[in-house]
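Visitor: Pasting in a structure now, in structure tokens, and then I'll have a few things to ask.
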Amino acid sequence: MVSTDLQVPNELWLEIMSHYAYSFDFNCPLVRQEDGGERRHLRQTLRSLSQASSTLRILALPFLWERFDVFHPIVQPPGELECLVQIKSVHVWWRSRSTTEPETLALVNFLNSLPNLTGLQIATYNNTQAVARVFASASLPNVTALSIPDSLHGIFPAFPNLTTFACPSMFFDSPAIEPAKIHFPQLEALIGLRFINDDNHKTLADDFPHLRVLAVASILQSSRVFSCFRAFKNLTELSLFDGSMTLPLGELITGGRDILRASYARGPKLLRVWKDDSEAGPRLIHFERC
């Protein structure tokens, strides 16, 4: 029985609100990804507590269900339709035994059952062939954001409407680049790009003419590298990585600001600088409209 008069402690509201901030940001350049396991039990506890009050349930449902983590090849979806409707992104963490094709097919069927799914992250997996074969014959037209290791580029045909692609190590010679050109002609956001030379930047800019969002995961050690990014002439958003060996934060901000101001795109431009926290994961340390 759901109670309608349960007083919700402030501490619980704070936990729920802080959990909302944990939602995955597909535009963060540090896409090697955080491990969701350590927050798994907290999430389950908060979901259970939300059943104790109708008010809490109504207000907390979007916060607690918008991301769904799959830790085991045997997918256990929530039993209630209203929870399925809230799921916007799914994150796969398969580390144990080799995943079979039937188990991968069950995952695909689960993804197809989510009417509002727009994002998919496969952070860890253990059978490239099985995953690629099953996804190659699937179709997930609602998914517009994908984050995967580049070795899984065989699943690209399943995402005909993809506009955001994130990859942990997007070098110019990545095996995912050529298939991405073929399957994602309308790509607007490229996340996780590692530093390459002037000619390679020009090639990428030509191959993805609709690119508006770029997130760079390289450690930028010289201000000269900013000239390379001018090849992307229509950027509206740029994300940079601030690490222990990068340029000073002020130079990163100035260089990024100059790139965006030189862009031909109309309207406001957004500059973000991220830092990697070994305990809390990636965090945004600078944001501005240029």
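Chain identifiers are assigned as A, B, and so on, following the order in which chains appear in the structure tokens; residues are numbered from 1 within each chain, and ligands are numbered from 1 in order of appearance.
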With a distance cut-off of 12 Å and only C-alpha atoms, select the neighbouring residues of Ala189 of chain A, excluding the residue or stretch itself and same-chain residues fewer than 6 positions from it, and output the selection as a VMD selection string.

Guide: chain A and resid 26 to 29 144 to 147 162 to 167 180 205 208 to 216 232 234 to 239

Visitor: Just the strand (DSSP E or B) stuff from segment 111-258 of chain A, please, per backbone DSSP, written as a ChimeraX atom specification.

Guide: /A:119-124,145-147,164-170,189-193,213-216,237-242

Visitor: Enter the distance from atom CA of Phe71 of chain A to atom CA of Thr100 of chain A, in Å, rounded to one decimal.

Guide: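 Distance reported for this atom pair: 14.8 Å.
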
Visitor: Please run DSSP on the backbone and report, as a PyMOL selection string, all residues within segment 163-244 of chain A that come out as helix (DSSP H, G or I).

Guide: chain A and resi 177-183+198-207+223-231

Visitor: Within 8 Å of Thr99 of chain A, counting only C-alpha atoms, which residues qualify if same-chain residues fewer than 6 places away don't, as number ranges by chain?

Guide: A: 73, 125-127, 130

Visitor: I want to know what sits within 8 Å of Val131 of chain A, based on only C-alpha atoms, with residues of the same chain fewer than 2 positions away left out; could you give that as a list in words?

Guide: Glu101, Thr104, Asn127, Thr128, Gln129, Arg133, Val134, Phe135, Leu152 and Ile155 of chain A

Visitor: Keeping only N, CA and C atoms, take the residues you just selected and write them out as a PDB file, in the first residue's frame.

Guide:
ATOM      1  N   GLU A 101      24.899 -14.988 -27.850  1.00  0.00           N
ATOM      2  CA  GLU A 101      24.034 -14.236 -28.760  1.00  0.00           C
ATOM      3  C   GLU A 101      22.596 -14.139 -28.246  1.00  0.00           C
ATOM      4  N   THR A 104      22.532 -11.348 -25.768  1.00  0.00           N
ATOM      5  CA  THR A 104      22.637 -10.054 -26.437  1.00  0.00           C
ATOM      6  C   THR A 104      21.327  -9.692 -27.124  1.00  0.00           C
ATOM      7  N   ASN A 127      32.291 -10.166 -25.350  1.00  0.00           N
ATOM      8  CA  ASN A 127      32.190 -10.990 -26.552  1.00  0.00           C
ATOM      9  C   ASN A 127      31.872 -10.081 -27.730  1.00  0.00           C
ATOM     10  N   THR A 128      32.913  -9.538 -28.331  1.00  0.00           N
ATOM     11  CA  THR A 128      32.730  -8.587 -29.426  1.00  0.00           C
ATOM     12  C   THR A 128      31.922  -9.187 -30.562  1.00  0.00           C
ATOM     13  N   GLN A 129      32.217 -10.437 -30.914  1.00  0.00           N
ATOM     14  CA  GLN A 129      31.556 -11.064 -32.054  1.00  0.00           C
ATOM     15  C   GLN A 129      30.056 -11.207 -31.829  1.00  0.00           C
ATOM     16  N   ARG A 133      27.288  -9.193 -34.040  1.00  0.00           N
ATOM     17  CA  ARG A 133      26.382  -9.946 -34.911  1.00  0.00           C
ATOM     18  C   ARG A 133      24.917  -9.633 -34.613  1.00  0.00           C
ATOM     19  N   VAL A 134      24.573  -9.588 -33.340  1.00  0.00           N
ATOM     20  CA  VAL A 134      23.174  -9.348 -32.979  1.00  0.00           C
ATOM     21  C   VAL A 134      22.757  -7.921 -33.316  1.00  0.00           C
ATOM     22  N   PHE A 135      23.588  -6.950 -32.976  1.00  0.00           N
ATOM     23  CA  PHE A 135      23.232  -5.557 -33.235  1.00  0.00           C
ATOM     24  C   PHE A 135      23.228  -5.248 -34.727  1.00  0.00           C
ATOM     25  N   LEU A 152      33.759  -1.980 -31.206  1.00  0.00           N
ATOM     26  CA  LEU A 152      32.374  -2.390 -31.446  1.00  0.00           C
ATOM     27  C   LEU A 152      31.742  -1.654 -32.621  1.00  0.00           C
ATOM     28  N   ILE A 155      28.442  -2.565 -34.773  1.00  0.00           N
ATOM     29  CA  ILE A 155      27.032  -2.377 -34.417  1.00  0.00           C
ATOM     30  C   ILE A 155      26.444  -1.096 -35.008  1.00  0.00           C
TER      31      ILE A 155
END

Visitor: Please indicate the distance in Å from atom CA of Ser227 of chain A to atom CA of Ile191 of chain A, rounded to one decimal place.

Guide: 18.9 Å

Visitor: I'd like the interatomic distance between atom CA of Arg224 of chain A and atom CA of Asp242 of chain A, to a tenth of an Å.

Guide: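 Here the two named atoms are 16.3 Å from each other.
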
Visitor: Between A:Pro77, A:Pro102, A:Gly243, A:Gly250, which one has atoms that come closest to Asp276 of chain A, using only C-alpha atoms?

Guide: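 Counting only C-alpha atoms, the residue closest to Asp276 of chain A is A:Gly243.
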
Visitor: Write out as a list in words the residues lying within 8 Å of Ile285 of chain A, counting only C-alpha atoms and excluding same-chain residues fewer than 6 positions away.

Guide: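 Counting only the stated atoms, we get Arg272, Val273, Trp274 and Lys275 of chain A.
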
Visitor: Compile the contact shell of Trp93 of chain A as JSON, numbers by chain: residues with an atom at most 7 Å away, counting only C-alpha atoms, same-chain residues fewer than 2 positions apart removed.

Guide: {"A": [70, 71, 91, 95, 122, 123, 124, 125]}

Visitor: Quick one: write out the picked residues with C-alpha atoms as a short mmCIF file (atom, residue, chain, number, x, y, z; two decimals), in the first residue's frame?

Guide:
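Writing done, so here's result_23.cif:
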data_model
loop_
_atom_site.label_atom_id
_atom_site.label_comp_id
_atom_site.auth_asym_id
_atom_site.auth_seq_id
_atom_site.Cartn_x
_atom_site.Cartn_y
_atom_site.Cartn_z
CA VAL A 70 22.74 -3.52 -16.98
CA PHE A 71 25.31 -5.39 -14.91
CA HIS A 91 24.45 1.56 -19.68
CA ARG A 95 32.50 -8.12 -17.23
CA ILE A 122 28.34 -0.06 -23.72
CA ALA A 123 31.13 0.56 -21.24
CA THR A 124 32.38 -3.00 -20.79
CA TYR A 125 31.59 -6.21 -22.67
#

Visitor: When you look at Ile182 of chain A with a cut-off of 10 Å (counting only C-alpha atoms), what residues show up, excluding the ones that are within fewer than 5 positions of it in the same chain? I need them as number ranges by chain.

Guide: A: 156-157, 177, 207

Visitor: Please write the residues from the selection above to a file, keeping C-alpha atoms, as a short mmCIF file (atom, residue, chain, number, x, y, z; two decimals), in the first residue's frame.

Guide:
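out02.cif, written as the output of this step:
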data_model
loop_
_atom_site.label_atom_id
_atom_site.label_comp_id
_atom_site.auth_asym_id
_atom_site.auth_seq_id
_atom_site.Cartn_x
_atom_site.Cartn_y
_atom_site.Cartn_z
CA PHE A 156 26.78 0.97 -36.23
CA PRO A 157 24.07 -0.15 -38.73
CA ILE A 177 36.26 6.37 -38.09
CA ASP A 207 33.89 14.00 -43.60
#

Visitor: From the set A:Phe171, A:Phe229, A:Trp65, A:Phe184, which residue has the shortest atom-to-atom contact distance to Ile259 of chain A, counting only C-alpha atoms?

Guide: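 Going through A:Phe171, A:Phe229, A:Trp65, A:Phe184 one by one, the smallest distance to Ile259 of chain A is for A:Phe229.
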